[in-house]
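Here is the structure we will look at, set down as structure tokens.
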Amino acid sequence: MTTTTTRQATPQKLRTSHASGGWGSPTAYLVAFGLVGVCLAPVLYIVLGGFRTNSQIIRSAAGLPDPWQIDNYLGVLTGGIFWQQMANSLVAGVGTTVGVVVLGLGASYVIARYPFKAKEAMYSLFAAGLMFPMTVAITPLYILVRNLGLTNTLAGIILPQIAFALPVTVIILVPFLRAIPRDIEEAASIDGASRLGFFARMVVPLSMPGVVTVGILAFVASWNSYMLPLFLLSDDALYTLPLGVQAFASQYSTDTARVLAFVSLSAIPALVFFSLFQRRIVGGLTGAVKG
């Protein structure tokens, strides 16, 4: 009798627990919405500030546009400075992404699949690179780039960005490549595929989630890079968007509304790009952890 009663009570308890806690704790939702609000408030202030005039901002710094103005955004979009700087950022971002993916995938493949004595030491060296910030190396890096004759060029920006993105790339890709079964490689070898053929036909497609992840991270980091262009670029025509925002804010320091419009437009491409591929990033990182 006791056993029957327990069996009947257990499903009832489960249904009650599911009904009461299916949506989670209200406190957790309240805290989550509060944190989201704190993160979004500065972004909304900048975007809405671009639709206001300077007099509106002076009267009420936190008010809504009344009336709404689009002249600030139109002034930025119709000027050539914004589009030129966006093109420079795009060239730097694409060049960095391609270099990071190609070099990172090759290095990760060697570390993950080739047996040699120094492979663990090489992997540890890349891992140590995560603890080496660019701010520490900015002075010797500037001297190196200057000696190579790459100052004031986009190539001088791309190459260091590739170098500083490789540690994260290798750390993420090595588990993906190690997780590829050896049986597939042996079968490909029996069918006459070379190591390079196996790499191109099997390794690259199977590791595509990790490749997409490191590519997105490299592109976003390059797009938001400020310190490196600040030290290496002196020609206004080569400014990237982060550096262009600082120059634009200095030039139009009295026109706050126009500066906010420029900042909003410069942040939109990175936000859209990251929002579209955020699931790929999470999926790639999850796969790396499992591997």
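Letters for chains follow the order of the structure tokens (A, B, ...), residue numbers begin at 1 for each chain, and ligand numbers begin at 1 in the order shown.
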
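Residues in contact with segment 180-183 of chain A at up to 12 Å, not including ones fewer than 5 positions away on its chain and judged by only C-alpha atoms, are A:Tyr109, A:Ala112, A:Arg113, A:Tyr114, A:Leu173, A:Val174, A:Pro175, A:Ala188, A:Ser189, A:Ile190, A:Phe198, A:Phe199, A:Met202, A:Val203, A:Val204, A:Pro205, A:Leu206, A:Ser207, A:Gly287, A:Gly291.
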
Selection to disk with all heavy atoms, as a short mmCIF file (atom, residue, chain, number, x, y, z; two decimals), in the first residue's frame:
data_model
loop_
_atom_site.label_atom_id
_atom_site.label_comp_id
_atom_site.auth_asym_id
_atom_site.auth_seq_id
_atom_site.Cartn_x
_atom_site.Cartn_y
_atom_site.Cartn_z
N TYR A 109 46.27 21.95 -37.47
CA TYR A 109 46.29 20.62 -38.08
C TYR A 109 47.60 19.90 -37.76
O TYR A 109 47.60 18.71 -37.43
CB TYR A 109 46.10 20.76 -39.58
CG TYR A 109 46.12 19.44 -40.32
CD1 TYR A 109 45.12 18.50 -40.13
CD2 TYR A 109 47.15 19.14 -41.21
CE1 TYR A 109 45.13 17.29 -40.81
CE2 TYR A 109 47.17 17.94 -41.90
CZ TYR A 109 46.15 17.02 -41.69
OH TYR A 109 46.18 15.82 -42.36
N ALA A 112 47.58 18.96 -34.00
CA ALA A 112 46.56 17.97 -33.63
C ALA A 112 46.80 16.61 -34.26
O ALA A 112 46.50 15.58 -33.64
CB ALA A 112 45.18 18.48 -34.02
N ARG A 113 47.38 16.55 -35.48
CA ARG A 113 47.41 15.30 -36.22
C ARG A 113 48.81 14.73 -36.46
O ARG A 113 48.94 13.55 -36.75
CB ARG A 113 46.72 15.48 -37.58
CG ARG A 113 45.39 16.17 -37.54
CD ARG A 113 44.32 15.34 -36.86
NE ARG A 113 44.04 14.11 -37.55
CZ ARG A 113 43.02 13.30 -37.24
NH1 ARG A 113 42.21 13.61 -36.23
NH2 ARG A 113 42.82 12.18 -37.90
N TYR A 114 49.84 15.56 -36.37
CA TYR A 114 51.19 15.09 -36.67
C TYR A 114 51.91 14.68 -35.37
O TYR A 114 51.93 15.46 -34.42
CB TYR A 114 52.01 16.17 -37.37
CG TYR A 114 51.72 16.30 -38.85
CD1 TYR A 114 50.47 16.69 -39.30
CD2 TYR A 114 52.70 16.03 -39.80
CE1 TYR A 114 50.20 16.81 -40.64
CE2 TYR A 114 52.43 16.16 -41.15
CZ TYR A 114 51.18 16.54 -41.57
OH TYR A 114 50.91 16.66 -42.90
N LEU A 173 40.74 25.53 -32.44
CA LEU A 173 40.70 24.58 -33.55
C LEU A 173 41.35 23.23 -33.23
O LEU A 173 40.93 22.21 -33.79
CB LEU A 173 41.39 25.19 -34.77
CG LEU A 173 40.65 26.32 -35.48
CD1 LEU A 173 41.44 26.80 -36.69
CD2 LEU A 173 39.26 25.89 -35.91
N VAL A 174 42.35 23.20 -32.37
CA VAL A 174 43.03 21.93 -32.09
C VAL A 174 42.08 20.86 -31.57
O VAL A 174 42.12 19.71 -32.03
CB VAL A 174 44.21 22.17 -31.12
CG1 VAL A 174 44.71 20.85 -30.54
CG2 VAL A 174 45.35 22.87 -31.85
N PRO A 175 41.18 21.16 -30.62
CA PRO A 175 40.23 20.11 -30.19
C PRO A 175 39.34 19.62 -31.32
O PRO A 175 38.99 18.43 -31.36
CB PRO A 175 39.42 20.82 -29.10
CG PRO A 175 40.30 21.89 -28.58
CD PRO A 175 41.06 22.36 -29.77
N ALA A 188 40.93 7.31 -46.05
CA ALA A 188 41.34 8.23 -47.13
C ALA A 188 42.71 7.85 -47.65
O ALA A 188 42.98 7.95 -48.86
CB ALA A 188 41.33 9.66 -46.60
N SER A 189 43.62 7.41 -46.77
CA SER A 189 44.95 7.01 -47.21
C SER A 189 44.89 5.76 -48.07
O SER A 189 45.61 5.64 -49.07
CB SER A 189 45.84 6.76 -45.99
OG SER A 189 47.12 6.33 -46.38
N ILE A 190 44.01 4.82 -47.72
CA ILE A 190 43.86 3.61 -48.52
C ILE A 190 43.33 3.95 -49.91
O ILE A 190 43.71 3.35 -50.92
CB ILE A 190 42.93 2.62 -47.81
CG1 ILE A 190 43.60 2.10 -46.53
CG2 ILE A 190 42.56 1.46 -48.72
CD1 ILE A 190 42.71 1.23 -45.68
N PHE A 198 43.62 14.93 -47.90
CA PHE A 198 42.77 14.66 -46.75
C PHE A 198 42.45 15.94 -46.00
O PHE A 198 41.33 16.14 -45.54
CB PHE A 198 43.48 13.66 -45.83
CG PHE A 198 42.77 13.43 -44.53
CD1 PHE A 198 41.61 12.69 -44.47
CD2 PHE A 198 43.29 13.96 -43.35
CE1 PHE A 198 40.95 12.48 -43.27
CE2 PHE A 198 42.64 13.76 -42.14
CZ PHE A 198 41.47 13.02 -42.11
N PHE A 199 43.44 16.82 -45.89
CA PHE A 199 43.23 18.09 -45.20
C PHE A 199 42.18 18.93 -45.93
O PHE A 199 41.27 19.49 -45.30
CB PHE A 199 44.56 18.85 -45.12
CG PHE A 199 44.44 20.23 -44.55
CD1 PHE A 199 44.34 20.42 -43.18
CD2 PHE A 199 44.42 21.34 -45.38
CE1 PHE A 199 44.22 21.70 -42.65
CE2 PHE A 199 44.31 22.62 -44.85
CZ PHE A 199 44.20 22.80 -43.49
N MET A 202 38.55 16.63 -46.25
CA MET A 202 37.89 16.10 -45.07
C MET A 202 38.05 17.00 -43.85
O MET A 202 37.07 17.30 -43.15
CB MET A 202 38.44 14.70 -44.75
CG MET A 202 38.24 13.69 -45.85
SD MET A 202 36.49 13.39 -46.21
CE MET A 202 35.97 12.71 -44.65
N VAL A 203 39.27 17.44 -43.59
CA VAL A 203 39.52 18.19 -42.36
C VAL A 203 38.80 19.54 -42.38
O VAL A 203 38.13 19.91 -41.40
CB VAL A 203 41.03 18.39 -42.15
CG1 VAL A 203 41.30 19.33 -40.98
CG2 VAL A 203 41.71 17.05 -41.92
N VAL A 204 38.94 20.26 -43.48
CA VAL A 204 38.33 21.59 -43.54
C VAL A 204 36.81 21.53 -43.40
O VAL A 204 36.22 22.27 -42.59
CB VAL A 204 38.74 22.31 -44.84
CG1 VAL A 204 38.00 23.63 -44.98
CG2 VAL A 204 40.24 22.56 -44.85
N PRO A 205 36.09 20.65 -44.14
CA PRO A 205 34.63 20.60 -43.94
C PRO A 205 34.22 20.16 -42.54
O PRO A 205 33.27 20.71 -41.98
CB PRO A 205 34.17 19.59 -45.01
CG PRO A 205 35.24 19.59 -46.04
CD PRO A 205 36.51 19.81 -45.29
N LEU A 206 34.93 19.19 -41.96
CA LEU A 206 34.54 18.70 -40.65
C LEU A 206 34.81 19.71 -39.54
O LEU A 206 34.13 19.70 -38.51
CB LEU A 206 35.28 17.39 -40.34
CG LEU A 206 34.87 16.16 -41.17
CD1 LEU A 206 35.77 14.98 -40.87
CD2 LEU A 206 33.41 15.81 -40.92
N SER A 207 35.78 20.58 -39.74
CA SER A 207 36.10 21.58 -38.72
C SER A 207 35.49 22.94 -39.02
O SER A 207 35.87 23.93 -38.40
CB SER A 207 37.63 21.73 -38.62
OG SER A 207 38.18 22.16 -39.85
N GLY A 287 31.69 23.09 -29.28
CA GLY A 287 32.37 21.96 -29.90
C GLY A 287 33.82 21.85 -29.49
O GLY A 287 34.36 20.78 -29.31
N GLY A 291 35.47 18.72 -27.62
CA GLY A 291 36.61 18.03 -28.20
C GLY A 291 37.76 17.90 -27.23
O GLY A 291 38.47 16.93 -27.24
#

**Request:** Identify, on the basis of only C-alpha atoms, every residue whose closest approach to Pro65 of chain A does not exceed 10 Å; exclude the query and any residue fewer than 5 positions from it along the same chain; express the result as a PyMOL selection string.
**Result:** chain A and resi 48-53+56-57+60

**Item:** Spatial neighbours of Val168 of chain A, max dist 8 Å, only C-alpha atoms, sep filter under 3 positions, as JSON, numbers by chain
**Value:** {"A": [126, 127, 130, 165, 171, 172, 214]}

With C-alpha atoms retained, could you export that selection as an mmCIF file, in the first residue's frame?
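Result file is again13.cif:
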data_model
loop_
_atom_site.group_PDB
_atom_site.id
_atom_site.type_symbol
_atom_site.label_atom_id
_atom_site.label_comp_id
_atom_site.auth_asym_id
_atom_site.auth_seq_id
_atom_site.Cartn_x
_atom_site.Cartn_y
_atom_site.Cartn_z
ATOM 1 C CA PHE A 126 50.252 29.336 -28.340
ATOM 2 C CA ALA A 127 48.386 29.039 -25.041
ATOM 3 C CA LEU A 130 46.735 34.397 -24.594
ATOM 4 C CA ALA A 165 44.639 36.349 -33.021
ATOM 5 C CA ILE A 171 43.272 26.855 -28.865
ATOM 6 C CA ILE A 172 39.809 26.602 -30.436
ATOM 7 C CA VAL A 214 37.543 31.900 -35.162
#

**Request:** Could you give me, as a list in words, the residues within 10 Å of Asp236 of chain A, counting only C-alpha atoms and dropping anything in the same chain fewer than 4 positions from it?
**Result:** Ile81, Gln84, Gln85, Asn152, Thr240, Leu243, Gly244 and Ala247 of chain A

Residues from last step as file, N, CA, C and O atoms, as a compact mmCIF listing (two decimals), in the first residue's frame:
# COMPACT_ATOMS: atom_id res chain seq x y z
N ILE A 81 33.92 60.66 -45.74
CA ILE A 81 34.83 60.19 -44.69
C ILE A 81 34.36 58.86 -44.10
O ILE A 81 35.14 57.92 -43.94
N GLN A 84 34.81 55.90 -46.55
CA GLN A 84 36.23 55.59 -46.74
C GLN A 84 36.79 54.82 -45.54
O GLN A 84 37.51 53.83 -45.70
N GLN A 85 36.44 55.27 -44.35
CA GLN A 85 36.91 54.58 -43.16
C GLN A 85 36.28 53.21 -43.01
O GLN A 85 36.92 52.27 -42.53
N ASN A 152 51.96 53.20 -41.57
CA ASN A 152 51.01 53.97 -42.37
C ASN A 152 50.49 53.17 -43.57
O ASN A 152 50.25 53.72 -44.65
N THR A 240 40.86 53.63 -39.89
CA THR A 240 39.73 52.71 -39.73
C THR A 240 38.65 53.39 -38.90
O THR A 240 38.87 54.47 -38.34
N LEU A 243 39.38 54.53 -35.15
CA LEU A 243 40.24 55.70 -35.13
C LEU A 243 39.54 56.90 -35.75
O LEU A 243 39.74 58.04 -35.32
N GLY A 244 38.70 56.64 -36.75
CA GLY A 244 37.95 57.73 -37.37
C GLY A 244 36.94 58.35 -36.43
O GLY A 244 36.68 59.56 -36.50
N ALA A 247 38.85 60.81 -34.33
CA ALA A 247 39.20 62.00 -35.11
C ALA A 247 37.97 62.85 -35.39
O ALA A 247 38.02 64.09 -35.34

**Message:** Which of segment 68-288 of chain A end up as helix (DSSP H, G or I) when DSSP is run on this backbone - answer as number ranges by chain?
**Reply:** A: 71-78, 80-113, 119-131, 134-147, 154-178, 182-190, 195-206, 208-223, 227-232, 236-238, 241-251, 256-288

**Request:** Fewer than 5 positions away in the same chain doesn't count, so skip those; otherwise give me all residues within 10 Å of Ala261 of chain A, counting only C-alpha atoms, as a PyMOL selection string.
**Result:** chain A and resi 46-52+70-77+256+266

Wanna dump the segment 124-196 of chain A-segment 218-221 of chain A contacts at 12 Å for me, each residue with its shortest atom pair and the distance in Å to one decimal, counting only C-alpha atoms, ordered by chain and number, as JSON lines?
{"residue": "A:Ile158", "atom": "CA", "partner": "A:Ala218", "partner_atom": "CA", "distance": 10.7}
{"residue": "A:Pro160", "atom": "CA", "partner": "A:Ala218", "partner_atom": "CA", "distance": 11.9}
{"residue": "A:Gln161", "atom": "CA", "partner": "A:Ala218", "partner_atom": "CA", "distance": 8.3}
{"residue": "A:Ile162", "atom": "CA", "partner": "A:Ala218", "partner_atom": "CA", "distance": 8.0}
{"residue": "A:Ala163", "atom": "CA", "partner": "A:Ala218", "partner_atom": "CA", "distance": 10.7}
{"residue": "A:Phe164", "atom": "CA", "partner": "A:Ala218", "partner_atom": "CA", "distance": 9.5}
{"residue": "A:Ala165", "atom": "CA", "partner": "A:Ala218", "partner_atom": "CA", "distance": 6.4}
{"residue": "A:Leu166", "atom": "CA", "partner": "A:Ala218", "partner_atom": "CA", "distance": 9.0}
{"residue": "A:Pro167", "atom": "CA", "partner": "A:Ala218", "partner_atom": "CA", "distance": 11.2}
{"residue": "A:Val168", "atom": "CA", "partner": "A:Ala218", "partner_atom": "CA", "distance": 9.2}
{"residue": "A:Thr169", "atom": "CA", "partner": "A:Ala218", "partner_atom": "CA", "distance": 8.5}

Keeping only N, CA, C and O atoms, take the residues you just selected and write them out as a PDB file, in the first residue's frame.
ATOM      1  N   ILE A 158      47.239  44.626 -40.517  1.00  0.00           N
ATOM      2  CA  ILE A 158      46.726  43.267 -40.685  1.00  0.00           C
ATOM      3  C   ILE A 158      47.673  42.229 -40.100  1.00  0.00           C
ATOM      4  O   ILE A 158      47.248  41.311 -39.376  1.00  0.00           O
ATOM      5  N   PRO A 160      50.115  42.277 -37.657  1.00  0.00           N
ATOM      6  CA  PRO A 160      50.102  42.110 -36.196  1.00  0.00           C
ATOM      7  C   PRO A 160      48.775  41.579 -35.661  1.00  0.00           C
ATOM      8  O   PRO A 160      48.760  40.806 -34.693  1.00  0.00           O
ATOM      9  N   GLN A 161      47.671  41.974 -36.271  1.00  0.00           N
ATOM     10  CA  GLN A 161      46.380  41.464 -35.815  1.00  0.00           C
ATOM     11  C   GLN A 161      46.282  39.954 -36.035  1.00  0.00           C
ATOM     12  O   GLN A 161      45.707  39.238 -35.208  1.00  0.00           O
ATOM     13  N   ILE A 162      46.835  39.471 -37.140  1.00  0.00           N
ATOM     14  CA  ILE A 162      46.860  38.030 -37.371  1.00  0.00           C
ATOM     15  C   ILE A 162      47.676  37.334 -36.286  1.00  0.00           C
ATOM     16  O   ILE A 162      47.268  36.301 -35.730  1.00  0.00           O
ATOM     17  N   ALA A 163      48.840  37.909 -35.972  1.00  0.00           N
ATOM     18  CA  ALA A 163      49.714  37.294 -34.971  1.00  0.00           C
ATOM     19  C   ALA A 163      49.044  37.217 -33.601  1.00  0.00           C
ATOM     20  O   ALA A 163      49.134  36.195 -32.913  1.00  0.00           O
ATOM     21  N   PHE A 164      48.348  38.272 -33.211  1.00  0.00           N
ATOM     22  CA  PHE A 164      47.731  38.288 -31.884  1.00  0.00           C
ATOM     23  C   PHE A 164      46.427  37.487 -31.845  1.00  0.00           C
ATOM     24  O   PHE A 164      45.944  37.173 -30.757  1.00  0.00           O
ATOM     25  N   ALA A 165      45.854  37.163 -32.993  1.00  0.00           N
ATOM     26  CA  ALA A 165      44.639  36.349 -33.021  1.00  0.00           C
ATOM     27  C   ALA A 165      44.938  34.861 -33.128  1.00  0.00           C
ATOM     28  O   ALA A 165      44.054  34.037 -32.878  1.00  0.00           O
ATOM     29  N   LEU A 166      46.157  34.492 -33.497  1.00  0.00           N
ATOM     30  CA  LEU A 166      46.485  33.079 -33.681  1.00  0.00           C
ATOM     31  C   LEU A 166      46.390  32.247 -32.404  1.00  0.00           C
ATOM     32  O   LEU A 166      45.952  31.092 -32.470  1.00  0.00           O
ATOM     33  N   PRO A 167      46.802  32.741 -31.226  1.00  0.00           N
ATOM     34  CA  PRO A 167      46.663  31.889 -30.030  1.00  0.00           C
ATOM     35  C   PRO A 167      45.236  31.426 -29.774  1.00  0.00           C
ATOM     36  O   PRO A 167      44.996  30.234 -29.536  1.00  0.00           O
ATOM     37  N   VAL A 168      44.276  32.342 -29.836  1.00  0.00           N
ATOM     38  CA  VAL A 168      42.881  31.944 -29.633  1.00  0.00           C
ATOM     39  C   VAL A 168      42.440  30.974 -30.715  1.00  0.00           C
ATOM     40  O   VAL A 168      41.729  29.988 -30.449  1.00  0.00           O
ATOM     41  N   THR A 169      42.867  31.228 -31.937  1.00  0.00           N
ATOM     42  CA  THR A 169      42.483  30.368 -33.054  1.00  0.00           C
ATOM     43  C   THR A 169      42.980  28.943 -32.861  1.00  0.00           C
ATOM     44  O   THR A 169      42.233  27.977 -33.046  1.00  0.00           O
TER      45      THR A 169
END

**Item:** Nearest candidate to Ala137 of chain A (options A:Val211, A:Leu228, A:Ala87, A:Leu105; using only C-alpha atoms)
**Value:**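 Checking each of A:Val211, A:Leu228, A:Ala87, A:Leu105 against Ala137 of chain A, counting only C-alpha atoms, the winner is A:Leu228.
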
**Message:** Which residues are near Ala92 of chain A? Cut-off 8 Å, only C-alpha atoms, ignore same chain within fewer than 5 positions. Put them as number ranges by chain.
**Reply:** A: 154-155, 157-158, 222-223

**Request:** Using only C-alpha atoms, pick whichever of A:Leu232, A:Ile58, A:Ile111, A:Leu103 has the shortest atom-to-atom distance to Asp255 of chain A.
**Result:** A:Ile58
